$ cat input35.cif   # mmCIF, C-alpha atoms
data_target
loop_
_atom_site.label_atom_id
_atom_site.label_comp_id
_atom_site.auth_asym_id
_atom_site.auth_seq_id
_atom_site.Cartn_x
_atom_site.Cartn_y
_atom_site.Cartn_z
CA MET A 1 0.00 0.00 0.00
CA GLN A 2 1.28 3.42 -0.96
CA LYS A 3 0.95 6.03 1.78
CA HIS A 4 0.35 9.68 0.87
CA ILE A 5 1.26 12.52 3.23
CA THR A 6 0.64 16.19 2.37
CA ASN A 7 2.49 19.36 3.34
CA ASN A 8 -0.21 20.20 5.91
CA GLU A 9 0.02 16.77 7.50
CA ILE A 10 3.80 17.12 7.71
CA LEU A 11 3.47 20.51 9.41
CA GLN A 12 1.04 19.04 11.96
CA MET A 13 3.23 16.06 12.90
CA GLU A 14 4.87 15.84 16.31
CA GLN A 15 8.29 17.51 16.02
CA SER A 16 10.58 14.47 16.50
CA GLN A 17 8.45 12.32 14.17
CA ARG A 18 8.61 15.02 11.50
CA ALA A 19 12.38 15.37 11.91
CA ALA A 20 12.85 11.59 11.53
CA LEU A 21 10.60 11.41 8.46
CA ILE A 22 11.88 14.46 6.58
CA ASN A 23 15.51 13.58 7.30
CA SER A 24 14.76 10.16 5.72
CA VAL A 25 13.03 11.17 2.51
CA GLY A 26 16.01 12.81 0.81
CA GLY A 27 17.70 9.44 0.39
CA PHE A 28 21.07 8.10 1.56
CA LYS A 29 23.62 10.69 2.62
CA SER A 30 27.32 11.23 3.01
CA VAL A 31 28.26 11.07 6.69
CA CYS A 32 31.53 12.63 7.83
CA LEU A 33 33.28 14.06 10.85
CA LEU A 34 34.21 17.75 10.66
CA GLY A 35 37.35 18.63 12.60
CA THR A 36 38.08 22.21 13.69
CA ILE A 37 40.20 24.15 16.17
CA ASP A 38 39.57 27.53 17.81
CA GLU A 39 42.03 30.40 18.28
CA ARG A 40 42.98 29.10 21.74
CA GLY A 41 43.85 25.66 20.36
CA LEU A 42 40.76 23.78 21.56
CA THR A 43 39.66 21.14 19.04
CA ASN A 44 36.12 20.21 18.06
CA LEU A 45 34.70 17.24 16.17
CA ALA A 46 31.13 16.90 14.90
CA VAL A 47 29.26 14.49 12.65
CA PHE A 48 27.49 15.97 9.60
CA SER A 49 25.26 14.36 6.99
CA SER A 50 24.56 17.45 4.87
CA ILE A 51 27.63 17.40 2.64
CA VAL A 52 27.16 18.20 -1.03
CA HIS A 53 29.48 18.37 -4.06
CA ILE A 54 29.64 21.89 -5.56
CA GLY A 55 32.24 21.54 -8.29
CA ALA A 56 35.51 19.91 -9.31
CA SER A 57 37.43 22.87 -10.77
CA PRO A 58 38.15 24.44 -8.35
CA PRO A 59 37.43 21.48 -6.02
CA LEU A 60 34.56 22.73 -3.81
CA ILE A 61 32.49 20.96 -1.17
CA ALA A 62 29.68 22.45 0.91
CA PHE A 63 27.64 21.52 3.95
CA ILE A 64 24.57 22.88 5.72
CA VAL A 65 24.80 23.98 9.34
CA ARG A 66 21.99 25.02 11.67
CA PRO A 67 23.03 28.06 13.73
CA ASP A 68 21.07 26.81 16.75
CA ALA A 69 22.52 23.31 16.59
CA VAL A 70 24.83 21.30 18.81
CA ASP A 71 27.47 21.69 16.14
CA ARG A 72 27.69 25.48 16.31
CA ASN A 73 31.30 25.26 17.52
CA THR A 74 32.12 23.88 14.09
CA LEU A 75 30.75 27.00 12.43
CA THR A 76 32.36 29.39 14.93
CA ASN A 77 35.76 27.72 14.55
CA ILE A 78 35.62 27.71 10.73
CA LEU A 79 34.76 31.41 10.64
CA GLU A 80 37.46 32.14 13.24
CA THR A 81 40.35 30.23 11.64
CA GLY A 82 39.32 29.66 8.02
CA TYR A 83 40.22 25.95 8.00
CA TYR A 84 38.55 22.59 8.72
CA THR A 85 38.77 18.91 7.88
CA ILE A 86 36.23 16.43 6.50
CA ASN A 87 36.84 12.82 7.55
CA HIS A 88 34.84 9.88 6.18
CA LEU A 89 33.02 7.76 8.74
CA ASN A 90 33.73 4.04 8.44
CA GLU A 91 32.34 0.88 10.00
CA THR A 92 34.98 0.82 12.77
CA ILE A 93 34.28 4.31 14.13
CA PHE A 94 30.62 5.03 13.35
CA GLU A 95 29.47 4.75 16.99
CA LYS A 96 32.17 7.14 18.17
CA GLY A 97 31.28 9.43 15.30
CA HIS A 98 27.60 9.41 16.25
CA GLN A 99 28.54 10.19 19.87
CA THR A 100 30.08 13.53 18.74
CA SER A 101 26.50 14.75 18.26
CA ALA A 102 26.01 14.86 22.06
CA ARG A 103 25.91 18.36 23.60
CA TYR A 104 29.35 18.49 25.18
CA ALA A 105 30.47 21.67 26.97
CA LYS A 106 32.48 24.09 24.82
CA GLU A 107 35.69 23.29 26.78
CA VAL A 108 35.44 19.56 25.99
CA SER A 109 37.11 18.25 22.83
CA GLU A 110 34.94 15.58 21.23
CA PHE A 111 38.16 13.84 20.14
CA ASP A 112 38.85 13.07 23.84
CA ALA A 113 35.22 12.55 24.83
CA VAL A 114 34.49 9.87 22.21
CA GLY A 115 38.00 8.39 21.89
CA LEU A 116 39.15 9.37 18.42
CA THR A 117 42.73 10.39 17.64
CA ILE A 118 43.82 13.85 16.48
CA ASP A 119 46.02 13.76 13.38
CA TYR A 120 47.93 16.94 12.42
CA LYS A 121 49.94 16.87 9.18
CA ASP A 122 51.57 18.85 6.39
CA GLY A 123 51.34 22.09 8.37
CA PHE A 124 47.53 22.22 8.16
CA LEU A 125 45.86 24.08 11.02
CA ALA A 126 42.78 21.91 11.55
CA PRO A 127 42.85 18.40 13.05
CA TYR A 128 42.14 15.27 10.99
CA VAL A 129 40.71 12.05 12.44
CA LYS A 130 43.48 9.44 12.38
CA GLU A 131 41.01 6.51 12.27
CA SER A 132 39.37 7.89 9.12
CA LYS A 133 40.80 6.52 5.87
CA ILE A 134 39.66 9.34 3.59
CA GLN A 135 40.53 12.81 4.90
CA LEU A 136 40.08 16.23 3.31
CA GLY A 137 41.68 19.50 4.45
CA LEU A 138 39.54 22.48 3.45
CA GLN A 139 39.90 26.24 3.29
CA PHE A 140 36.72 28.21 4.00
CA LYS A 141 35.58 30.10 0.89
CA GLU A 142 32.02 31.36 1.28
CA ARG A 143 29.11 31.54 3.71
CA ILE A 144 25.61 31.70 2.25
CA ASP A 145 22.73 32.43 4.62
CA ILE A 146 19.56 30.57 3.67
CA THR A 147 17.00 33.04 4.96
CA ILE A 148 13.98 30.77 4.39
CA ASN A 149 14.80 28.74 7.53
CA GLY A 150 17.94 30.30 9.02
CA THR A 151 20.38 27.59 7.97
CA ILE A 152 23.78 28.35 6.49
CA LEU A 153 25.64 26.84 3.53
CA ILE A 154 29.40 26.73 4.09
CA ILE A 155 31.55 26.27 0.98
CA GLY A 156 35.18 25.21 1.19
CA GLN A 157 37.97 24.42 -1.26
CA ILE A 158 39.96 21.19 -0.93
CA GLN A 159 43.59 21.99 -0.05
CA HIS A 160 44.68 18.47 0.89
CA LEU A 161 43.25 15.08 0.08
CA TYR A 162 44.37 11.81 1.69
CA PHE A 163 43.16 8.30 0.83
CA PRO A 164 44.50 4.73 0.70
CA SER A 165 46.37 4.37 -2.60
CA TYR A 166 44.68 0.98 -3.23
CA CYS A 167 41.31 2.79 -3.57
CA LEU A 168 42.28 4.81 -6.66
CA CYS A 169 41.23 3.70 -10.17
CA ASP A 170 42.99 4.66 -13.40
CA ASP A 171 40.19 7.04 -14.45
CA GLY A 172 40.29 9.06 -11.21
CA PHE A 173 37.38 7.22 -9.53
CA LEU A 174 37.92 6.49 -5.85
CA ASP A 175 36.49 3.20 -4.54
CA LEU A 176 34.91 4.28 -1.25
CA GLU A 177 33.94 0.71 -0.34
CA LYS A 178 37.62 -0.29 -0.19
CA ALA A 179 38.08 2.48 2.39
CA ASN A 180 35.11 1.12 4.40
CA THR A 181 33.30 4.45 4.02
CA ILE A 182 29.67 4.13 5.10
CA THR A 183 26.48 6.06 4.38
CA CYS A 184 23.57 7.11 6.58
CA SER A 185 19.84 7.67 6.33
CA GLY A 186 17.54 9.69 8.53
CA LEU A 187 19.11 11.02 11.71
CA ASP A 188 20.68 7.86 13.09
CA SER A 189 20.79 4.91 10.67
CA TYR A 190 24.19 3.77 9.39
CA HIS A 191 24.67 1.52 6.36
CA LYS A 192 27.48 -0.21 4.54
CA THR A 193 27.23 -0.50 0.78
CA GLN A 194 27.67 -3.06 -1.94
CA ARG A 195 28.37 -1.90 -5.49
CA ILE A 196 25.77 -2.93 -8.06
CA GLU A 197 27.63 -1.54 -11.09
CA ARG A 198 29.58 1.37 -12.45
CA LEU A 199 27.93 2.59 -15.67
CA SER A 200 29.42 4.10 -18.81
CA TYR A 201 28.92 7.74 -19.86
CA ALA A 202 25.38 7.98 -21.23
CA LYS A 203 24.67 9.10 -24.81
CA PRO A 204 21.38 9.09 -26.75
CA ASN A 205 20.81 5.89 -28.76
CA LYS A 206 23.76 4.13 -27.15
CA GLN A 207 23.41 1.13 -24.85
CA ILE A 208 24.81 1.71 -21.37
CA GLU A 209 27.71 -0.57 -20.49
CA HIS A 210 29.08 -1.78 -17.18
CA VAL A 211 32.48 -0.28 -16.35
CA LYS A 212 35.14 -2.51 -14.81
CA LEU A 213 37.14 -0.93 -11.98
CA LYS A 214 40.85 -0.78 -12.85
CA TYR A 215 42.90 -0.06 -9.76
CA ILE A 216 46.26 1.66 -10.18
CA GLU A 217 47.82 -0.61 -7.54
CA MET B 1 49.94 3.36 1.68
CA GLN B 2 48.23 6.68 2.17
CA LYS B 3 48.25 8.91 -0.90
CA HIS B 4 48.37 12.71 -0.51
CA ILE B 5 47.13 15.07 -3.23
CA THR B 6 47.26 18.85 -2.88
CA ASN B 7 45.02 21.59 -4.25
CA ASN B 8 47.63 22.43 -6.94
CA GLU B 9 47.86 18.81 -8.04
CA ILE B 10 44.06 18.63 -8.26
CA LEU B 11 43.96 21.79 -10.42
CA GLN B 12 46.58 20.31 -12.76
CA MET B 13 44.80 16.98 -13.25
CA GLU B 14 43.23 16.08 -16.59
CA GLN B 15 39.63 17.31 -16.51
CA SER B 16 37.75 13.97 -16.56
CA GLN B 17 40.12 12.44 -13.97
CA ARG B 18 39.59 15.44 -11.70
CA ALA B 19 35.81 15.25 -12.11
CA ALA B 20 35.82 11.54 -11.21
CA LEU B 21 38.05 12.06 -8.18
CA ILE B 22 36.37 15.15 -6.71
CA ASN B 23 32.90 13.72 -7.27
CA SER B 24 34.06 10.67 -5.26
CA VAL B 25 35.64 12.32 -2.21
CA GLY B 26 32.43 13.78 -0.74
CA GLY B 27 31.19 10.30 0.16
CA PHE B 28 28.04 8.40 -0.79
CA LYS B 29 25.18 10.45 -2.18
CA SER B 30 21.45 10.45 -2.61
CA VAL B 31 20.57 9.67 -6.22
CA CYS B 32 17.14 10.65 -7.53
CA LEU B 33 15.23 11.41 -10.71
CA LEU B 34 13.85 14.94 -11.01
CA GLY B 35 10.63 15.14 -13.01
CA THR B 36 9.45 18.41 -14.58
CA ILE B 37 7.15 19.70 -17.28
CA ASP B 38 7.32 22.87 -19.37
CA GLU B 39 4.51 25.31 -20.21
CA ARG B 40 3.77 23.45 -23.45
CA GLY B 41 3.34 20.14 -21.61
CA LEU B 42 6.66 18.53 -22.56
CA THR B 43 8.07 16.43 -19.72
CA ASN B 44 11.69 16.10 -18.66
CA LEU B 45 13.47 13.63 -16.40
CA ALA B 46 17.05 13.94 -15.12
CA VAL B 47 19.20 12.11 -12.59
CA PHE B 48 20.73 14.21 -9.77
CA SER B 49 23.13 13.26 -6.99
CA SER B 50 23.41 16.68 -5.32
CA ILE B 51 20.34 16.54 -3.08
CA VAL B 52 20.67 17.89 0.45
CA HIS B 53 18.32 18.17 3.46
CA ILE B 54 17.70 21.80 4.46
CA GLY B 55 15.15 21.48 7.24
CA ALA B 56 12.11 19.60 8.50
CA SER B 57 9.80 22.46 9.55
CA PRO B 58 8.90 23.57 6.96
CA PRO B 59 10.02 20.46 5.03
CA LEU B 60 12.72 21.74 2.66
CA ILE B 61 15.03 19.92 0.25
CA ALA B 62 17.64 21.47 -2.02
CA PHE B 63 19.81 20.40 -4.93
CA ILE B 64 22.69 21.89 -6.88
CA VAL B 65 22.36 22.45 -10.63
CA ARG B 66 25.03 23.50 -13.11
CA PRO B 67 23.60 26.08 -15.55
CA ASP B 68 25.73 24.69 -18.40
CA ALA B 69 24.74 21.09 -17.73
CA VAL B 70 22.75 18.51 -19.66
CA ASP B 71 20.05 18.91 -17.06
CA ARG B 72 19.36 22.59 -17.74
CA ASN B 73 15.82 21.76 -18.86
CA THR B 74 15.15 20.76 -15.25
CA LEU B 75 16.09 24.25 -14.05
CA THR B 76 14.21 26.03 -16.84
CA ASN B 77 11.06 24.01 -16.20
CA ILE B 78 11.16 24.54 -12.42
CA LEU B 79 11.53 28.30 -12.83
CA GLU B 80 8.78 28.30 -15.48
CA THR B 81 6.15 26.27 -13.63
CA GLY B 82 7.22 26.35 -9.96
CA TYR B 83 6.80 22.58 -9.43
CA TYR B 84 8.91 19.40 -9.71
CA THR B 85 9.15 15.86 -8.36
CA ILE B 86 11.98 13.95 -6.70
CA ASN B 87 11.83 10.17 -7.23
CA HIS B 88 14.19 7.73 -5.50
CA LEU B 89 16.29 5.55 -7.75
CA ASN B 90 16.09 1.83 -6.96
CA GLU B 91 17.88 -1.30 -8.10
CA THR B 92 15.30 -2.08 -10.79
CA ILE B 93 15.53 1.25 -12.62
CA PHE B 94 19.07 2.54 -11.98
CA GLU B 95 20.28 1.92 -15.55
CA LYS B 96 17.29 3.76 -17.03
CA GLY B 97 17.85 6.52 -14.49
CA HIS B 98 21.52 6.84 -15.48
CA GLN B 99 20.52 7.00 -19.16
CA THR B 100 18.55 10.22 -18.47
CA SER B 101 21.95 11.97 -18.20
CA ALA B 102 22.45 11.61 -21.99
CA ARG B 103 22.11 14.85 -24.00
CA TYR B 104 18.69 14.33 -25.54
CA ALA B 105 17.19 17.05 -27.73
CA LYS B 106 14.86 19.46 -25.93
CA GLU B 107 11.79 17.99 -27.74
CA VAL B 108 12.53 14.47 -26.43
CA SER B 109 11.01 13.41 -23.11
CA GLU B 110 13.48 11.28 -21.18
CA PHE B 111 10.51 9.30 -19.84
CA ASP B 112 9.96 7.95 -23.38
CA ALA B 113 13.62 7.78 -24.32
CA VAL B 114 14.68 5.60 -21.38
CA GLY B 115 11.39 3.73 -20.84
CA LEU B 116 10.09 5.02 -17.51
CA THR B 117 6.39 5.67 -16.84
CA ILE B 118 4.85 9.07 -16.16
CA ASP B 119 2.68 9.13 -13.05
CA TYR B 120 0.36 12.13 -12.50
CA LYS B 121 -1.64 12.24 -9.28
CA ASP B 122 -3.57 14.35 -6.76
CA GLY B 123 -3.72 17.29 -9.17
CA PHE B 124 0.02 17.95 -9.01
CA LEU B 125 1.48 19.61 -12.11
CA ALA B 126 4.83 17.80 -12.38
CA PRO B 127 5.20 14.13 -13.39
CA TYR B 128 6.30 11.44 -10.93
CA VAL B 129 8.15 8.25 -11.94
CA LYS B 130 5.75 5.33 -11.49
CA GLU B 131 8.57 2.80 -11.01
CA SER B 132 9.99 4.81 -8.10
CA LYS B 133 8.73 3.71 -4.67
CA ILE B 134 9.46 6.94 -2.81
CA GLN B 135 8.16 10.05 -4.58
CA LEU B 136 8.15 13.68 -3.48
CA GLY B 137 6.16 16.54 -5.02
CA LEU B 138 7.89 19.88 -4.46
CA GLN B 139 7.04 23.55 -4.81
CA PHE B 140 9.94 25.81 -5.81
CA LYS B 141 10.81 28.22 -3.00
CA GLU B 142 14.17 29.87 -3.59
CA ARG B 143 17.05 30.09 -6.05
CA ILE B 144 20.50 30.90 -4.65
CA ASP B 145 23.28 31.65 -7.12
CA ILE B 146 26.66 30.38 -5.97
CA THR B 147 28.90 32.96 -7.61
CA ILE B 148 32.18 31.20 -6.77
CA ASN B 149 31.64 28.66 -9.57
CA GLY B 150 28.34 29.58 -11.25
CA THR B 151 26.26 26.75 -9.81
CA ILE B 152 22.78 27.26 -8.41
CA LEU B 153 21.11 25.94 -5.25
CA ILE B 154 17.39 25.28 -5.77
CA ILE B 155 15.30 24.98 -2.60
CA GLY B 156 11.82 23.43 -2.64
CA GLN B 157 9.15 22.61 -0.08
CA ILE B 158 7.60 19.15 0.05
CA GLN B 159 3.90 19.35 -0.89
CA HIS B 160 3.27 15.62 -1.33
CA LEU B 161 5.14 12.59 -0.07
CA TYR B 162 4.45 9.00 -1.22
CA PHE B 163 6.10 5.84 0.10
CA PRO B 164 5.22 2.17 0.71
CA SER B 165 3.38 2.02 4.06
CA TYR B 166 5.50 -1.00 5.12
CA CYS B 167 8.60 1.26 5.19
CA LEU B 168 7.36 3.54 7.99
CA CYS B 169 8.49 3.07 11.60
CA ASP B 170 6.61 4.22 14.68
CA ASP B 171 9.08 7.05 15.40
CA GLY B 172 8.75 8.59 11.90
CA PHE B 173 11.87 6.93 10.46
CA LEU B 174 11.47 5.64 6.91
CA ASP B 175 13.32 2.42 6.04
CA LEU B 176 14.78 3.23 2.62
CA GLU B 177 16.21 -0.28 2.20
CA LYS B 178 12.70 -1.74 2.23
CA ALA B 179 11.89 0.57 -0.71
CA ASN B 180 15.03 -0.67 -2.54
CA THR B 181 16.40 2.89 -2.64
CA ILE B 182 20.05 2.89 -3.69
CA THR B 183 22.96 5.31 -3.26
CA CYS B 184 25.73 6.41 -5.60
CA SER B 185 29.36 7.47 -5.47
CA GLY B 186 31.39 9.46 -7.94
CA LEU B 187 29.70 10.14 -11.27
CA ASP B 188 28.56 6.65 -12.19
CA SER B 189 28.82 4.06 -9.39
CA TYR B 190 25.57 2.68 -7.94
CA HIS B 191 25.36 0.82 -4.63
CA LYS B 192 22.77 -1.00 -2.57
CA THR B 193 23.03 -0.76 1.19
CA GLN B 194 22.92 -2.96 4.24
CA ARG B 195 22.03 -1.43 7.62
CA ILE B 196 24.72 -1.74 10.27
CA GLU B 197 22.65 -0.21 13.09
CA ARG B 198 20.34 2.60 14.07
CA LEU B 199 21.80 4.43 17.07
CA SER B 200 20.09 6.16 20.00
CA TYR B 201 20.10 9.95 20.55
CA ALA B 202 23.58 10.83 21.83
CA LYS B 203 24.11 12.50 25.22
CA PRO B 204 27.35 13.18 27.11
CA ASN B 205 28.31 10.38 29.53
CA LYS B 206 25.64 8.04 28.20
CA GLN B 207 26.40 4.83 26.34
CA ILE B 208 24.96 4.75 22.82
CA GLU B 209 22.39 2.02 22.26
CA HIS B 210 21.20 0.19 19.17
CA VAL B 211 17.65 1.11 18.18
CA LYS B 212 15.31 -1.64 16.97
CA LEU B 213 13.15 -0.72 13.99
CA LYS B 214 9.45 -0.94 14.86
CA TYR B 215 7.34 -0.91 11.72
CA ILE B 216 3.78 0.41 11.92
CA GLU B 217 2.55 -2.37 9.64
#

$ encode --input "input35.cif" --output "structure tokens"
Amino acid sequence: MQKHITNNEILQMEQSQRAALINSVGGFKSVCLLGTIDERGLTNLAVFSSIVHIGASPPLIAFIVRPDAVDRNTLTNILETGYYTINHLNETIFEKGHQTSARYAKEVSEFDAVGLTIDYKDGFLAPYVKESKIQLGLQFKERIDITINGTILIIGQIQHLYFPSYCLCDDGFLDLEKANTITCSGLDSYHKTQRIERLSYAKPNKQIEHVKLKYIE
Amino acid sequence: MQKHITNNEILQMEQSQRAALINSVGGFKSVCLLGTIDERGLTNLAVFSSIVHIGASPPLIAFIVRPDAVDRNTLTNILETGYYTINHLNETIFEKGHQTSARYAKEVSEFDAVGLTIDYKDGFLAPYVKESKIQLGLQFKERIDITINGTILIIGQIQHLYFPSYCLCDDGFLDLEKANTITCSGLDSYHKTQRIERLSYAKPNKQIEHVKLKYIE
């Protein structure tokens, strides 16, 4: 049976039910840990599932932040220092990653509180997560205020990119499954993946083909 | 071995390699078909993997569109009529969905070209995809131009939401796996998922628990 829910019914739902439903209906999401540091040297780590690709040249990634949210230290630190890291969540650390969403006091570093390891490298200001296999170092580029509901889009440019060399294919594709990267749905559901197929570039009147992954290593 | 790539190395990569790499590093993505219609009644269908949750109250979803892209009919139609649909891709239709990314002539409806069925219902202007199990009808709300690279963020409000009733849990969570919704990575890799766990709401000094899914039906 197909269920139909209208805008008015959504607006009348109990708040936590609505949050669970509407966070589910957009589909599976990227789920990453954002690492930041403030001017005094205090680190912060927070899980985000609102990451979106903006462009490859220059390499830009964005995420949505709620100004009233638990994760507001992330926003404050990015605006203060101009740098942050994005670290893929994997099956080994997803519970610790989820725990970063608890409302810790400002003076507490979530790295310590949840038991993840700070990784500083190549002179980059913001802390990476050592247990994460795919790590991005970003420079803050632009803040866009979404006035319709008070959220903020933060756009950053990739300055450093780290990944296991065995994940890289000869055409530039990165095999996220080999890095144990996971995905999430809703507010709290974590999923591993299994590739169905890679597909060839689509053209009119041409049959789509399956693309074999050719690893460099 | 961990591989390290810098911003300068990314900018110097061959264009298709860079696109494949940078589209991969953001993690797994939602992958959906956007259905639109123009003022003359010609339908359009295009696959998008840049969907992001903006907020639950009001229920808002956004996606990124490139103005120079194959999918520019989607943008034109949304601005012209104010309505569009988001339809989850599933394992049965992912190849047809991918084929919508081919550069068909403006007069060709991708529904016909790839063999997916138009579904009109409840007086909504834009066409749904009948083969999709989770369907959203959206009203255009806001266009935000991202000047840094010329892309556009389109924000819409959910007016109608359809899903199989057996997917709904008692706390509002929707089980996307039961609807066969899939995820994608990079430009062309499609993946099914397998739930690891749902996790309880995180609080400081409280052990995270696994949450059992309780279906309404």

$ closest_residue --input "input35.cif" --among "B:Val25, B:Leu11, B:Val65, B:Val47" --to "Thr151 of chain B" --atoms "all atoms listed in the file"
B:Val65

$ residues_near_point --input "input35.cif" --point "(44.4, 29.2, 15.3)" --cutoff "12 Å" --atoms "all atoms listed in the file" --output "PyMOL selection string"
chain A and resi 36-43+77-84+124-127

$ resolve_selection --input "input35.cif" --expression "the PyMOL selection byres ((chain A and resi 86) around 9)" --output "tab-separated table (two decimals) with C-alpha atoms, in the frame of the given file"
chain	number	residue	atom	x	y	z
A	32	CYS	CA	31.53	12.63	7.83
A	33	LEU	CA	33.28	14.06	10.85
A	34	LEU	CA	34.21	17.75	10.66
A	35	GLY	CA	37.35	18.63	12.60
A	84	TYR	CA	38.55	22.59	8.72
A	85	THR	CA	38.77	18.91	7.88
A	87	ASN	CA	36.84	12.82	7.55
A	88	HIS	CA	34.84	9.88	6.18
A	128	TYR	CA	42.14	15.27	10.99
A	129	VAL	CA	40.71	12.05	12.44
A	134	ILE	CA	39.66	9.34	3.59
A	135	GLN	CA	40.53	12.81	4.90
A	136	LEU	CA	40.08	16.23	3.31
A	137	GLY	CA	41.68	19.50	4.45
A	138	LEU	CA	39.54	22.48	3.45
B	26	GLY	CA	32.43	13.78	-0.74

$ resolve_selection --input "input35.cif" --expression "the PyMOL selection byres ((chain B and resi 27) around 8)" --output "ChimeraX atom specification"
/A:29-31,88,176,181,183 /B:24-26,28-29,185

$ write_last_selection --input "input35.cif" --atoms "C-alpha atoms" --output "PDB file, in the coordinates of the input"
ATOM      1  CA  LYS A  29      23.620  10.690   2.620  1.00  0.00           C
ATOM      2  CA  SER A  30      27.320  11.230   3.010  1.00  0.00           C
ATOM      3  CA  VAL A  31      28.260  11.070   6.690  1.00  0.00           C
ATOM      4  CA  HIS A  88      34.840   9.880   6.180  1.00  0.00           C
ATOM      5  CA  LEU A 176      34.910   4.280  -1.250  1.00  0.00           C
ATOM      6  CA  THR A 181      33.300   4.450   4.020  1.00  0.00           C
ATOM      7  CA  THR A 183      26.480   6.060   4.380  1.00  0.00           C
TER       8      THR A 183
ATOM      9  CA  SER B  24      34.060  10.670  -5.260  1.00  0.00           C
ATOM     10  CA  VAL B  25      35.640  12.320  -2.210  1.00  0.00           C
ATOM     11  CA  GLY B  26      32.430  13.780  -0.740  1.00  0.00           C
ATOM     12  CA  PHE B  28      28.040   8.400  -0.790  1.00  0.00           C
ATOM     13  CA  LYS B  29      25.180  10.450  -2.180  1.00  0.00           C
ATOM     14  CA  SER B 185      29.360   7.470  -5.470  1.00  0.00           C
TER      15      SER B 185
END

$ resolve_selection --input "input35.cif" --expression "the PyMOL selection byres ((chain A and resi 216) around 12)" --output "count of residues only"
17

$ build_atoms --input "input35.cif" --residues "segment 181-193 of chain A" --atoms "N, CA and C atoms" --output "PDB file, in the frame of the given file"
ATOM      1  N   THR A 181      34.194   3.303   3.832  1.00  0.00           N
ATOM      2  CA  THR A 181      33.300   4.450   4.020  1.00  0.00           C
ATOM      3  C   THR A 181      31.858   3.962   4.070  1.00  0.00           C
ATOM      4  N   ILE A 182      31.079   4.524   4.992  1.00  0.00           N
ATOM      5  CA  ILE A 182      29.670   4.130   5.100  1.00  0.00           C
ATOM      6  C   ILE A 182      28.767   5.295   4.716  1.00  0.00           C
ATOM      7  N   THR A 183      27.476   5.033   4.683  1.00  0.00           N
ATOM      8  CA  THR A 183      26.480   6.060   4.380  1.00  0.00           C
ATOM      9  C   THR A 183      25.457   6.072   5.512  1.00  0.00           C
ATOM     10  N   CYS A 184      24.596   7.085   5.538  1.00  0.00           N
ATOM     11  CA  CYS A 184      23.570   7.110   6.580  1.00  0.00           C
ATOM     12  C   CYS A 184      22.232   7.484   5.975  1.00  0.00           C
ATOM     13  N   SER A 185      21.166   7.206   6.722  1.00  0.00           N
ATOM     14  CA  SER A 185      19.840   7.670   6.330  1.00  0.00           C
ATOM     15  C   SER A 185      19.118   8.155   7.575  1.00  0.00           C
ATOM     16  N   GLY A 186      18.225   9.103   7.385  1.00  0.00           N
ATOM     17  CA  GLY A 186      17.540   9.690   8.530  1.00  0.00           C
ATOM     18  C   GLY A 186      18.540  10.372   9.443  1.00  0.00           C
ATOM     19  N   LEU A 187      18.260  10.344  10.738  1.00  0.00           N
ATOM     20  CA  LEU A 187      19.110  11.020  11.710  1.00  0.00           C
ATOM     21  C   LEU A 187      20.118  10.084  12.355  1.00  0.00           C
ATOM     22  N   ASP A 188      19.934   8.764  12.208  1.00  0.00           N
ATOM     23  CA  ASP A 188      20.680   7.860  13.090  1.00  0.00           C
ATOM     24  C   ASP A 188      20.902   6.464  12.543  1.00  0.00           C
ATOM     25  N   SER A 189      20.659   6.252  11.236  1.00  0.00           N
ATOM     26  CA  SER A 189      20.790   4.910  10.670  1.00  0.00           C
ATOM     27  C   SER A 189      22.035   4.840   9.791  1.00  0.00           C
ATOM     28  N   TYR A 190      22.907   3.892  10.093  1.00  0.00           N
ATOM     29  CA  TYR A 190      24.190   3.770   9.390  1.00  0.00           C
ATOM     30  C   TYR A 190      24.198   2.500   8.547  1.00  0.00           C
ATOM     31  N   HIS A 191      24.747   2.612   7.340  1.00  0.00           N
ATOM     32  CA  HIS A 191      24.670   1.520   6.360  1.00  0.00           C
ATOM     33  C   HIS A 191      25.997   1.323   5.663  1.00  0.00           C
ATOM     34  N   LYS A 192      26.388   0.053   5.466  1.00  0.00           N
ATOM     35  CA  LYS A 192      27.480  -0.210   4.540  1.00  0.00           C
ATOM     36  C   LYS A 192      26.887  -0.427   3.157  1.00  0.00           C
ATOM     37  N   THR A 193      27.741  -0.441   2.156  1.00  0.00           N
ATOM     38  CA  THR A 193      27.230  -0.500   0.780  1.00  0.00           C
ATOM     39  C   THR A 193      27.824  -1.692   0.032  1.00  0.00           C
TER      40      THR A 193
END
